[in-house]
Structure formats: structure tokens, C-alpha cells
$ cat data19.pdb   # PDB, C-alpha atoms
MODEL        1
ATOM      1  CA  MET D 212     -59.572   8.255 -24.709
ATOM      2  CA  VAL D 213     -57.398  10.688 -26.692
ATOM      3  CA  SER D 214     -56.761  10.519 -30.448
ATOM      4  CA  VAL D 215     -54.417  12.773 -32.415
ATOM      5  CA  ALA D 216     -54.668  13.459 -36.157
ATOM      6  CA  PRO D 217     -51.311  14.992 -37.225
ATOM      7  CA  LEU D 218     -51.115  17.374 -40.174
ATOM      8  CA  ASP D 219     -48.387  18.908 -42.289
ATOM      9  CA  PRO D 220     -49.446  22.462 -43.230
ATOM     10  CA  GLY D 221     -45.914  23.208 -44.444
ATOM     11  CA  SER D 222     -45.260  26.560 -42.789
ATOM     12  CA  PHE D 223     -44.971  28.296 -39.409
ATOM     13  CA  VAL D 224     -48.410  28.122 -37.746
ATOM     14  CA  VAL D 225     -49.279  31.693 -36.747
ATOM     15  CA  ALA D 226     -52.704  30.704 -35.383
ATOM     16  CA  ALA D 227     -54.637  27.450 -35.053
ATOM     17  CA  SER D 228     -58.368  27.612 -34.446
ATOM     18  CA  PHE D 229     -61.815  26.368 -35.473
ATOM     19  CA  LEU D 230     -63.785  28.288 -38.100
ATOM     20  CA  ALA D 231     -67.488  27.379 -38.201
ATOM     21  CA  GLY D 232     -66.511  24.133 -36.480
ATOM     22  CA  ASP D 233     -63.730  23.143 -38.906
ATOM     23  CA  PRO D 234     -60.036  23.077 -37.891
ATOM     24  CA  ALA D 235     -58.177  25.987 -39.498
ATOM     25  CA  PHE D 236     -54.585  27.189 -39.563
ATOM     26  CA  ALA D 237     -53.240  30.633 -40.475
ATOM     27  CA  LEU D 238     -49.727  30.127 -41.845
ATOM     28  CA  GLY D 239     -46.693  32.356 -42.105
ATOM     29  CA  ASP D 240     -46.490  31.841 -45.882
ATOM     30  CA  GLY D 241     -49.682  33.897 -46.342
ATOM     31  CA  THR D 242     -52.213  31.077 -46.608
ATOM     32  CA  VAL D 243     -55.083  29.825 -44.460
ATOM     33  CA  VAL D 244     -55.720  26.075 -44.427
ATOM     34  CA  VAL D 245     -59.185  24.786 -43.496
ATOM     35  CA  LEU D 246     -59.954  21.101 -42.964
ATOM     36  CA  THR D 247     -63.489  20.511 -44.220
ATOM     37  CA  GLY D 248     -65.547  17.343 -44.398
ATOM     38  CA  THR D 249     -64.451  16.920 -48.025
ATOM     39  CA  GLY D 250     -60.744  17.577 -47.562
ATOM     40  CA  GLU D 251     -58.182  20.349 -47.201
ATOM     41  CA  LYS D 252     -58.858  23.831 -48.539
ATOM     42  CA  ARG D 253     -56.017  26.350 -48.990
ATOM     43  CA  ILE D 254     -56.890  30.041 -49.194
ATOM     44  CA  GLU D 255     -54.431  32.700 -50.347
ATOM     45  CA  ALA D 256     -54.864  35.505 -47.811
ATOM     46  CA  HIS D 257     -51.714  37.600 -48.344
ATOM     47  CA  ALA D 258     -49.298  37.915 -51.230
ATOM     48  CA  GLY D 259     -46.361  37.900 -48.819
ATOM     49  CA  GLY D 260     -46.079  36.811 -45.214
ATOM     50  CA  LEU D 261     -49.008  36.458 -42.843
ATOM     51  CA  LEU D 262     -47.859  38.061 -39.596
ATOM     52  CA  ALA D 263     -50.862  37.921 -37.252
ATOM     53  CA  ALA D 264     -54.262  36.235 -37.036
ATOM     54  CA  ALA D 265     -57.225  36.198 -34.661
ATOM     55  CA  ARG D 266     -60.587  34.434 -34.841
ATOM     56  CA  THR D 267     -63.722  36.571 -34.905
ATOM     57  CA  LEU D 268     -65.913  36.354 -31.801
ATOM     58  CA  SER D 269     -68.607  34.657 -33.865
ATOM     59  CA  GLY D 270     -66.042  31.982 -34.760
ATOM     60  CA  ASP D 271     -66.768  32.096 -38.493
ATOM     61  CA  ALA D 272     -63.586  33.697 -39.882
ATOM     62  CA  PHE D 273     -59.958  34.638 -39.305
ATOM     63  CA  VAL D 274     -58.864  38.263 -39.281
ATOM     64  CA  THR D 275     -55.287  38.398 -40.549
ATOM     65  CA  GLY D 276     -52.531  40.978 -40.947
ATOM     66  CA  GLY D 277     -49.694  40.739 -43.451
ATOM     67  CA  ASP D 278     -46.514  42.345 -44.686
ATOM     68  CA  ASP D 279     -48.513  43.591 -47.691
ATOM     69  CA  GLY D 280     -50.187  46.211 -45.450
ATOM     70  CA  ARG D 281     -53.602  44.530 -45.576
ATOM     71  CA  VAL D 282     -55.998  43.481 -42.831
ATOM     72  CA  CYS D 283     -58.243  40.716 -44.183
ATOM     73  CA  ARG D 284     -61.276  38.744 -43.132
ATOM     74  CA  VAL D 285     -60.801  35.167 -44.330
ATOM     75  CA  SER D 286     -63.869  32.916 -44.324
ATOM     76  CA  PRO D 287     -63.697  29.111 -44.527
ATOM     77  CA  ASP D 288     -65.617  29.136 -47.819
ATOM     78  CA  GLY D 289     -62.577  30.829 -49.412
ATOM     79  CA  THR D 290     -63.868  34.408 -49.363
ATOM     80  CA  THR D 291     -61.201  36.995 -48.516
ATOM     81  CA  GLU D 292     -62.326  40.554 -47.746
ATOM     82  CA  THR D 293     -59.886  43.437 -47.271
ATOM     83  CA  LEU D 294     -60.963  45.362 -44.155
ATOM     84  CA  ALA D 295     -58.178  47.934 -44.225
ATOM     85  CA  GLU D 296     -55.036  48.636 -46.218
ATOM     86  CA  LEU D 297     -51.982  50.679 -45.280
ATOM     87  CA  PRO D 298     -49.489  50.401 -48.166
ATOM     88  CA  ARG D 299     -45.856  49.637 -47.302
ATOM     89  CA  LYS D 300     -46.717  48.832 -43.680
ATOM     90  CA  TRP D 301     -46.403  45.553 -41.803
ATOM     91  CA  ILE D 302     -49.545  44.543 -39.895
ATOM     92  CA  ASP D 303     -48.281  42.237 -37.144
ATOM     93  CA  LEU D 304     -50.949  42.879 -34.512
ATOM     94  CA  VAL D 305     -54.698  42.214 -34.849
ATOM     95  CA  ALA D 306     -57.571  41.714 -32.385
ATOM     96  CA  CYS D 307     -61.278  40.938 -32.761
ATOM     97  CA  GLY D 308     -64.017  42.515 -30.683
ATOM     98  CA  PRO D 309     -67.792  42.571 -30.288
ATOM     99  CA  GLN D 310     -70.140  43.740 -33.043
ATOM    100  CA  GLY D 311     -67.604  42.719 -35.683
ATOM    101  CA  ALA D 312     -65.027  45.284 -34.590
ATOM    102  CA  VAL D 313     -61.406  44.682 -35.579
ATOM    103  CA  GLY D 314     -58.364  46.342 -34.071
ATOM    104  CA  PHE D 315     -54.841  46.476 -35.453
ATOM    105  CA  ALA D 316     -51.741  48.580 -35.044
ATOM    106  CA  VAL D 317     -48.878  50.049 -37.037
ATOM    107  CA  GLY D 318     -46.038  51.764 -35.223
ATOM    108  CA  ARG D 319     -47.410  54.314 -32.763
ATOM    109  CA  THR D 320     -51.033  54.166 -33.906
ATOM    110  CA  ALA D 321     -53.810  51.712 -33.075
ATOM    111  CA  TYR D 322     -56.765  51.483 -35.458
ATOM    112  CA  VAL D 323     -60.273  50.104 -35.111
ATOM    113  CA  THR D 324     -62.717  49.365 -37.904
ATOM    114  CA  THR D 325     -66.346  48.430 -37.267
ATOM    115  CA  GLY D 326     -67.279  48.100 -40.917
ATOM    116  CA  GLU D 327     -69.131  51.404 -40.772
ATOM    117  CA  GLY D 328     -67.540  54.779 -41.373
ATOM    118  CA  PRO D 329     -63.822  55.581 -41.498
ATOM    119  CA  LEU D 330     -61.069  53.920 -39.504
ATOM    120  CA  ARG D 331     -60.846  55.151 -35.922
ATOM    121  CA  GLU D 332     -57.288  56.132 -35.015
ATOM    122  CA  PHE D 333     -55.777  56.070 -31.527
ATOM    123  CA  PRO D 334     -52.292  57.628 -31.713
ATOM    124  CA  GLN D 335     -49.812  56.866 -28.924
ATOM    125  CA  THR D 336     -46.545  58.520 -27.954
ATOM    126  CA  ARG D 337     -44.629  55.237 -28.336
ATOM    127  CA  ALA D 338     -45.055  52.025 -30.335
ATOM    128  CA  VAL D 339     -48.180  49.963 -29.683
ATOM    129  CA  GLY D 340     -47.414  46.540 -28.210
ATOM    130  CA  GLY D 341     -50.865  44.991 -27.913
ATOM    131  CA  ILE D 342     -54.612  45.532 -28.340
ATOM    132  CA  ALA D 343     -57.521  43.903 -26.488
ATOM    133  CA  PHE D 344     -61.266  44.488 -26.567
ATOM    134  CA  ALA D 345     -63.252  44.605 -23.339
ATOM    135  CA  PRO D 346     -65.813  41.783 -22.958
ATOM    136  CA  LYS D 347     -68.698  44.280 -22.930
ATOM    137  CA  GLY D 348     -69.047  47.428 -24.979
ATOM    138  CA  LEU D 349     -66.760  48.725 -27.692
ATOM    139  CA  ARG D 350     -63.862  49.601 -25.396
ATOM    140  CA  ILE D 351     -60.250  48.825 -26.204
ATOM    141  CA  ALA D 352     -57.033  48.605 -24.242
ATOM    142  CA  ILE D 353     -53.824  49.596 -26.010
ATOM    143  CA  ALA D 354     -50.618  48.295 -24.459
ATOM    144  CA  ARG D 355     -47.751  50.722 -24.970
ATOM    145  CA  TYR D 356     -44.524  51.910 -23.454
ATOM    146  CA  ASP D 357     -45.019  52.907 -19.780
ATOM    147  CA  GLY D 358     -48.543  51.543 -19.464
ATOM    148  CA  ALA D 359     -51.842  51.127 -21.276
ATOM    149  CA  THR D 360     -54.555  53.360 -22.724
ATOM    150  CA  LEU D 361     -58.292  52.628 -22.378
ATOM    151  CA  ALA D 362     -60.622  54.202 -24.933
ATOM    152  CA  PHE D 363     -64.203  53.833 -26.166
ATOM    153  CA  VAL D 364     -64.371  53.183 -29.891
ATOM    154  CA  ASN D 365     -67.623  55.021 -30.613
ATOM    155  CA  ALA D 366     -67.352  57.852 -28.104
ATOM    156  CA  SER D 367     -65.327  61.022 -28.007
ATOM    157  CA  GLY D 368     -63.577  62.296 -24.922
ATOM    158  CA  ALA D 369     -60.349  61.708 -23.075
ATOM    159  CA  ALA D 370     -58.969  58.197 -22.840
ATOM    160  CA  GLN D 371     -58.041  56.685 -19.490
ATOM    161  CA  GLU D 372     -54.308  56.294 -19.001
ATOM    162  CA  LEU D 373     -52.899  53.487 -16.834
ATOM    163  CA  GLU D 374     -49.238  54.055 -16.036
ATOM    164  CA  TRP D 375     -46.450  51.622 -15.200
ATOM    165  CA  LYS D 376     -42.832  52.008 -16.275
ATOM    166  CA  GLY D 377     -41.544  49.681 -18.962
ATOM    167  CA  ALA D 378     -42.591  48.302 -22.348
ATOM    168  CA  HIS D 379     -45.999  46.582 -22.356
ATOM    169  CA  THR D 380     -46.252  44.091 -25.215
ATOM    170  CA  GLY D 381     -49.702  42.494 -24.935
ATOM    171  CA  ALA D 382     -53.050  42.991 -23.206
ATOM    172  CA  SER D 383     -55.980  40.933 -21.914
ATOM    173  CA  PHE D 384     -59.195  41.810 -20.046
ATOM    174  CA  SER D 385     -60.561  39.396 -17.463
ATOM    175  CA  PRO D 386     -63.877  37.824 -18.575
ATOM    176  CA  ASP D 387     -65.825  39.975 -16.087
ATOM    177  CA  GLY D 388     -64.071  43.146 -17.267
ATOM    178  CA  LYS D 389     -62.773  43.995 -13.782
ATOM    179  CA  TYR D 390     -59.066  43.595 -14.553
ATOM    180  CA  LEU D 391     -56.633  44.422 -17.325
ATOM    181  CA  VAL D 392     -53.375  42.458 -17.508
ATOM    182  CA  THR D 393     -50.430  43.228 -19.783
ATOM    183  CA  THR D 394     -47.341  41.247 -20.710
ATOM    184  CA  MET D 395     -44.067  43.145 -20.513
ATOM    185  CA  GLN D 396     -40.755  43.210 -22.349
ATOM    186  CA  GLU D 397     -39.156  42.250 -19.077
ATOM    187  CA  ASN D 398     -40.078  38.827 -17.702
ATOM    188  CA  ALA D 399     -43.219  39.939 -15.908
ATOM    189  CA  LEU D 400     -46.923  40.745 -16.077
ATOM    190  CA  HIS D 401     -48.613  43.879 -14.846
ATOM    191  CA  GLY D 402     -52.250  44.293 -13.964
ATOM    192  CA  TRP D 403     -54.729  46.949 -12.959
ATOM    193  CA  ARG D 404     -58.002  46.637 -11.059
ATOM    194  CA  LEU D 405     -60.050  48.950 -13.242
ATOM    195  CA  SER D 406     -62.427  50.159 -10.518
ATOM    196  CA  ASP D 407     -59.624  52.112  -8.843
ATOM    197  CA  ALA D 408     -56.533  51.581 -11.082
ATOM    198  CA  GLN D 409     -54.862  49.553  -8.319
ATOM    199  CA  ASP D 410     -51.584  48.086  -9.601
ATOM    200  CA  MET D 411     -50.832  44.356  -9.548
ATOM    201  CA  ARG D 412     -47.307  43.105 -10.152
ATOM    202  CA  MET D 413     -46.644  39.502 -11.237
ATOM    203  CA  THR D 414     -42.954  38.584 -11.559
ATOM    204  CA  GLY D 415     -40.534  35.664 -11.287
ATOM    205  CA  TYR D 416     -40.623  34.362 -14.879
ATOM    206  CA  PRO D 417     -37.373  33.054 -16.409
ATOM    207  CA  SER D 418     -38.447  34.218 -19.898
ATOM    208  CA  LYS D 419     -40.964  36.540 -21.558
ATOM    209  CA  VAL D 420     -44.675  35.768 -21.249
ATOM    210  CA  LYS D 421     -46.129  35.403 -24.748
ATOM    211  CA  SER D 422     -49.377  33.542 -24.032
ATOM    212  CA  MET D 423     -52.210  34.223 -21.560
ATOM    213  CA  SER D 424     -55.560  32.457 -21.145
ATOM    214  CA  TRP D 425     -58.378  32.948 -18.619
ATOM    215  CA  SER D 426     -60.039  29.901 -17.090
ATOM    216  CA  ALA D 427     -63.695  29.190 -17.864
ATOM    217  CA  ARG D 428     -65.064  31.197 -14.926
ATOM    218  CA  GLY D 429     -62.233  33.709 -14.834
ATOM    219  CA  ARG D 430     -60.861  32.366 -11.562
ATOM    220  CA  TYR D 431     -57.345  31.876 -12.934
ATOM    221  CA  LEU D 432     -55.103  33.492 -15.532
ATOM    222  CA  ALA D 433     -52.824  30.837 -17.031
ATOM    223  CA  THR D 434     -49.559  32.060 -18.545
ATOM    224  CA  SER D 435     -46.510  30.797 -20.423
ATOM    225  CA  GLY D 436     -42.912  31.865 -19.868
ATOM    226  CA  ALA D 437     -41.729  29.320 -17.278
ATOM    227  CA  ASN D 438     -41.138  25.567 -17.013
ATOM    228  CA  ALA D 439     -44.649  25.317 -15.526
ATOM    229  CA  ALA D 440     -47.905  27.009 -16.494
ATOM    230  CA  ILE D 441     -48.111  29.852 -13.979
ATOM    231  CA  CYS D 442     -51.796  30.308 -13.062
ATOM    232  CA  TRP D 443     -52.579  33.452 -11.077
ATOM    233  CA  PRO D 444     -55.706  33.416  -8.873
ATOM    234  CA  PHE D 445     -58.216  36.199  -9.517
ATOM    235  CA  PHE D 446     -61.059  35.151  -7.194
ATOM    236  CA  GLY D 447     -60.187  37.496  -4.315
ATOM    237  CA  LYS D 448     -61.023  41.193  -4.235
ATOM    238  CA  ASN D 449     -57.322  42.017  -4.667
ATOM    239  CA  GLY D 450     -56.766  39.646  -7.565
ATOM    240  CA  PRO D 451     -53.461  37.759  -7.292
ATOM    241  CA  MET D 452     -51.945  40.105  -4.729
ATOM    242  CA  GLY D 453     -50.966  38.220  -1.587
ATOM    243  CA  GLN D 454     -51.716  34.830  -3.205
ATOM    244  CA  GLN D 455     -49.353  32.248  -4.645
ATOM    245  CA  PRO D 456     -49.967  31.095  -8.232
ATOM    246  CA  LEU D 457     -50.594  27.491  -9.178
ATOM    247  CA  GLN D 458     -47.829  25.804 -11.159
ATOM    248  CA  LEU D 459     -49.133  23.151 -13.551
ATOM    249  CA  GLY D 460     -47.405  20.821 -15.998
ATOM    250  CA  THR D 461     -43.912  21.373 -14.554
ATOM    251  CA  ARG D 462     -40.995  20.091 -16.650
ATOM    252  CA  SER D 463     -37.466  20.709 -15.503
ATOM    253  CA  ASP D 464     -35.935  21.292 -18.922
ATOM    254  CA  GLN D 465     -38.644  22.868 -21.116
ATOM    255  CA  ILE D 466     -40.197  26.334 -21.225
ATOM    256  CA  ILE D 467     -43.943  26.610 -21.862
ATOM    257  CA  THR D 468     -44.768  28.613 -24.985
ATOM    258  CA  GLN D 469     -48.598  28.425 -25.200
ATOM    259  CA  VAL D 470     -51.568  27.960 -22.861
ATOM    260  CA  ALA D 471     -55.277  27.567 -23.674
ATOM    261  CA  CYS D 472     -57.908  27.142 -20.972
ATOM    262  CA  HIS D 473     -60.843  24.813 -21.637
ATOM    263  CA  PRO D 474     -64.095  26.677 -22.484
ATOM    264  CA  GLY D 475     -66.119  24.914 -19.799
ATOM    265  CA  GLU D 476     -63.965  22.902 -17.409
ATOM    266  CA  GLU D 477     -61.245  24.017 -14.990
ATOM    267  CA  VAL D 478     -58.403  22.559 -17.048
ATOM    268  CA  VAL D 479     -55.716  24.059 -19.283
ATOM    269  CA  ALA D 480     -53.901  22.814 -22.376
ATOM    270  CA  ILE D 481     -50.160  23.505 -22.215
ATOM    271  CA  GLY D 482     -47.726  23.654 -25.146
ATOM    272  CA  TYR D 483     -43.966  23.407 -24.710
ATOM    273  CA  GLN D 484     -40.799  24.502 -26.430
ATOM    274  CA  ASP D 485     -40.170  20.961 -27.697
ATOM    275  CA  GLY D 486     -43.657  20.593 -29.220
ATOM    276  CA  MET D 487     -45.227  18.547 -26.429
ATOM    277  CA  VAL D 488     -48.866  19.250 -25.449
ATOM    278  CA  LEU D 489     -50.284  18.399 -22.026
ATOM    279  CA  LEU D 490     -53.635  18.794 -20.276
ATOM    280  CA  ALA D 491     -53.642  19.776 -16.572
ATOM    281  CA  ARG D 492     -56.424  20.289 -14.052
ATOM    282  CA  PHE D 493     -56.457  23.331 -11.759
ATOM    283  CA  GLU D 494     -57.968  21.495  -8.786
ATOM    284  CA  ASP D 495     -55.316  18.842  -8.253
ATOM    285  CA  GLY D 496     -52.724  19.238 -11.021
ATOM    286  CA  GLN D 497     -53.633  15.912 -12.637
ATOM    287  CA  GLU D 498     -52.105  15.618 -16.131
ATOM    288  CA  VAL D 499     -52.959  13.917 -19.404
ATOM    289  CA  LEU D 500     -50.421  13.755 -22.253
ATOM    290  CA  LEU D 501     -52.030  14.921 -25.517
ATOM    291  CA  ARG D 502     -48.997  15.029 -27.830
ATOM    292  CA  ARG D 503     -45.445  13.821 -27.487
ATOM    293  CA  PRO D 504     -42.531  16.138 -28.334
ATOM    294  CA  GLY D 505     -42.138  16.942 -32.037
ATOM    295  CA  GLU D 506     -40.531  19.535 -34.273
ATOM    296  CA  GLY D 507     -40.594  23.177 -33.180
ATOM    297  CA  ALA D 508     -42.100  25.038 -30.248
ATOM    298  CA  VAL D 509     -45.884  25.065 -29.931
ATOM    299  CA  SER D 510     -46.988  28.382 -31.458
ATOM    300  CA  SER D 511     -50.782  28.126 -31.106
ATOM    301  CA  LEU D 512     -53.437  26.181 -29.175
ATOM    302  CA  CYS D 513     -57.224  26.505 -29.399
ATOM    303  CA  TRP D 514     -60.288  24.579 -28.190
ATOM    304  CA  ASP D 515     -63.483  24.143 -30.150
ATOM    305  CA  ALA D 516     -66.705  25.558 -28.681
ATOM    306  CA  GLY D 517     -67.717  22.252 -27.110
ATOM    307  CA  GLY D 518     -64.323  21.598 -25.563
ATOM    308  CA  MET D 519     -63.989  18.148 -27.154
ATOM    309  CA  ARG D 520     -61.311  18.999 -29.724
ATOM    310  CA  LEU D 521     -58.047  20.919 -29.505
ATOM    311  CA  VAL D 522     -55.940  22.173 -32.422
ATOM    312  CA  TYR D 523     -52.237  22.888 -32.147
ATOM    313  CA  GLY D 524     -49.554  24.313 -34.411
ATOM    314  CA  THR D 525     -45.788  24.692 -34.144
ATOM    315  CA  GLU D 526     -43.096  27.032 -35.365
ATOM    316  CA  ALA D 527     -41.707  24.218 -37.531
ATOM    317  CA  GLY D 528     -44.964  23.864 -39.453
ATOM    318  CA  GLU D 529     -46.402  20.828 -37.677
ATOM    319  CA  ALA D 530     -50.046  20.804 -36.657
ATOM    320  CA  GLY D 531     -52.852  18.522 -35.615
ATOM    321  CA  VAL D 532     -56.263  17.958 -34.093
ATOM    322  CA  VAL D 533     -56.613  16.274 -30.689
ATOM    323  CA  SER D 534     -59.998  14.644 -30.017
ATOM    324  CA  LEU D 535     -60.968  13.816 -26.437
TER
ENDMDL
END
$ encode --input "data19.pdb" --output "C-alpha cells"
Amino acid sequence: MVSVAPLDPGSFVVAASFLAGDPAFALGDGTVVVLTGTGEKRIEAHAGGLLAAARTLSGDAFVTGGDDGRVCRVSPDGTTETLAELPRKWIDLVACGPQGAVGFAVGRTAYVTTGEGPLREFPQTRAVGGIAFAPKGLRIAIARYDGATLAFVNASGAAQELEWKGAHTGASFSPDGKYLVTTMQENALHGWRLSDAQDMRMTGYPSKVKSMSWSARGRYLATSGANAAICWPFFGKNGPMGQQPLQLGTRSDQIITQVACHPGEEVVAIGYQDGMVLLARFEDGQEVLLRRPGEGAVSSLCWDAGGMRLVYGTEAGEAGVVSL
């Protein structure tokens, strides 16, 4: 049985998630909306636009970046804490890591704050396209032009450089930390096996990949950017090389814009350009419709910790909570 509670947050949904168990939405107009047991709470996070948002690993707050140059920690009780401020800069890239670490980027420099001591700076030769924290240890990957940089946050010494021609616009570590995968400006992914820096090339997309999600046990990497969710197998020693990806939720006329793998089961939620949301199973491709087409492309999908509720948001400012 599936039930959907639609909402009208009123602005582009930058990120939909659950904060301390409550559905929450970071909106492009600078606010964060939290649905509590007593009603809707609106929190003013940024004076101007809210450009990026990520949930902390503890699941108790959003970290947001805005066009006011501030990186904020927004708690569901309404508390807003400024973690960093770079006047006259646009913060459109944030990431959350272990031990409360927060990464963000401006231009050619990535920054990390741990709440102790000054900001750590990681300058690059070209603009930063993405930041990801490794699942263990305070190690970050910085996607950039012509590859990615790996660095330890609390250790000095030379960073590890992973090279591949082209603009890399996002980054994600596999749950076991063995692989790093980046999205690219061209319609492709690139990956490295970190034990030996072996390259992995994943191509064939009709549009740019903007969403990646690892399955519960890290066996598959689900991705957007095609008219099916392209799910690359990572259970062989060579990752996806020499293997064909699964294609789930195929629709002939709609590009997939968001994917979110279930936290415990081998299924993936799929969001489309026309606002539709579908659930598909890796094993046999079986599908369940969660939301019919609506206004705007799906811009965010997120499961709760128990995997019984899913929140979605769209570019047109529609949102909702799906209960399974």
C-alpha cells in the first residue's frame, strides 16, 4: 500500500530529506521547511537564494550554501549557525562528512571546516566541480578539470592526483571506499579503483548525469541522465568494466533526473523530468508507481532511515511524502 501526502513549499526544491525523522525541504528562496508533528515550520536560512544543501551524516540538520556567501547549519528546531562566511561569493557546492566535517567550494578552492581551528583550504588549478568525503577517515575527493584530487583533511603532505581529461562536475565514493566515481561535463562517468588508480569509463548517456546513488550493499551505482536508471555493477574486482549495466524504469519519452537507492533493500526510487516517481527492483526490474507526473522535473529524492518513507521535490516547487 502506497500513500502520498502532497505539499506546496512554494519554491524550487534544492534538497528534500528527513531531519531528526521529520520531512524537510531546503528551498531556492533561502528557506528551510520542516514538517513537524504540530505543523509546518519555516526557517530563514539565507537572505538571498539558497544554492546548495546536504544533510549531516547524523541526520539532524541541513548544511546549506547561499548567494550571501554563508555556509549554514540549519537545525529543525529553527537554530541557524553560520559555519563559514566568504563575503560576495556564491556557495553552490556543499558536502557533509564524518565527525561533523563540512566541505564547500568557491571557484578554484575547496574548503573544509571541522568546527575546530581555521578553515582548511585545498586550492586547485581549475574550478572545483564537486566534493565528496570518504566513508572512513577525514579524506576528501575534489572533482576538478582533468581529474580529481584526494587529500586528508587533518594531515599534511602531498595530495593524490587522479587524472582524466575533461571537466569533472561531481564525485562519489563507493560505500566500501574502494572506488571513486565522478560525473563529467560530457555525458559520461569516470571512475578509479583506488588501490591502483585503474581507470573505469562509463559512457552512452544521452544527457548529463546529475544524480548518483549506491545500492544498500554497494553492489550497484544507480545514475540519472537517460530514459532508464542506468545501474552499473560494482561486485566484480574490475568494477563495471566488462559488464553491462542494468536499465530500470525505462520510459521512451522522459529523461531521469534523480535516483535514490533504498537504505536496506535492493530497490531504487527514480524521479523523472515530468515529475513522476517510480520504485524499481534490481533483481527483476519490477516497478511500483509512487507518484504520477506533475509540475517540474524531480530535483531531489531521499529515504528516511527505516526505508518506509520517501520525500521528493521538484523544480516547480512541488513536494511530498510517500509512505510505503
$ residues_around --input "data19.pdb" --residues "Leu218 of chain D" --least-positions-apart "2" --cutoff "7 Å" --atoms "all atoms listed in the file" --output "count of residues only"
5
$ axis_aligned_box --input "data19.pdb" --around "segment 421-431 of chain D" --padding-each-side "8 Å" --output "AutoDock Vina command-line options"
--center_x -55.6 --center_y 32.3 --center_z -18.2 --size_x 34.9 --size_y 22.2 --size_z 29.2
$ closest_residue --input "data19.pdb" --among "D:Thr461, D:Thr434, D:Thr320, D:Thr525" --to "Gly221 of chain D" --atoms "only C-alpha atoms"
D:Thr525
$ residues_around --input "data19.pdb" --residues "Leu432 of chain D" --least-positions-apart "2" --cutoff "12 Å" --atoms "only C-alpha atoms" --output "NGL selection string"
:D and (383-386 or 390-393 or 400 or 402 or 413 or 422-430 or 434-435 or 440-446 or 450-451 or 456-458 or 470-472 or 477-479 or 493)
$ closest_residue --input "data19.pdb" --among "D:Leu230, D:Val339, D:Leu373, D:Val285" --to "Val243 of chain D" --atoms "all atoms listed in the file"
D:Val285
$ atom_distance --input "data19.pdb" --atom1 "atom CA of Met395 of chain D" --atom2 "atom CA of Phe229 of chain D"
28.6 Å
$ atom_distance --input "data19.pdb" --atom1 "atom CA of Pro474 of chain D" --atom2 "atom CA of Leu500 of chain D"
18.8 Å
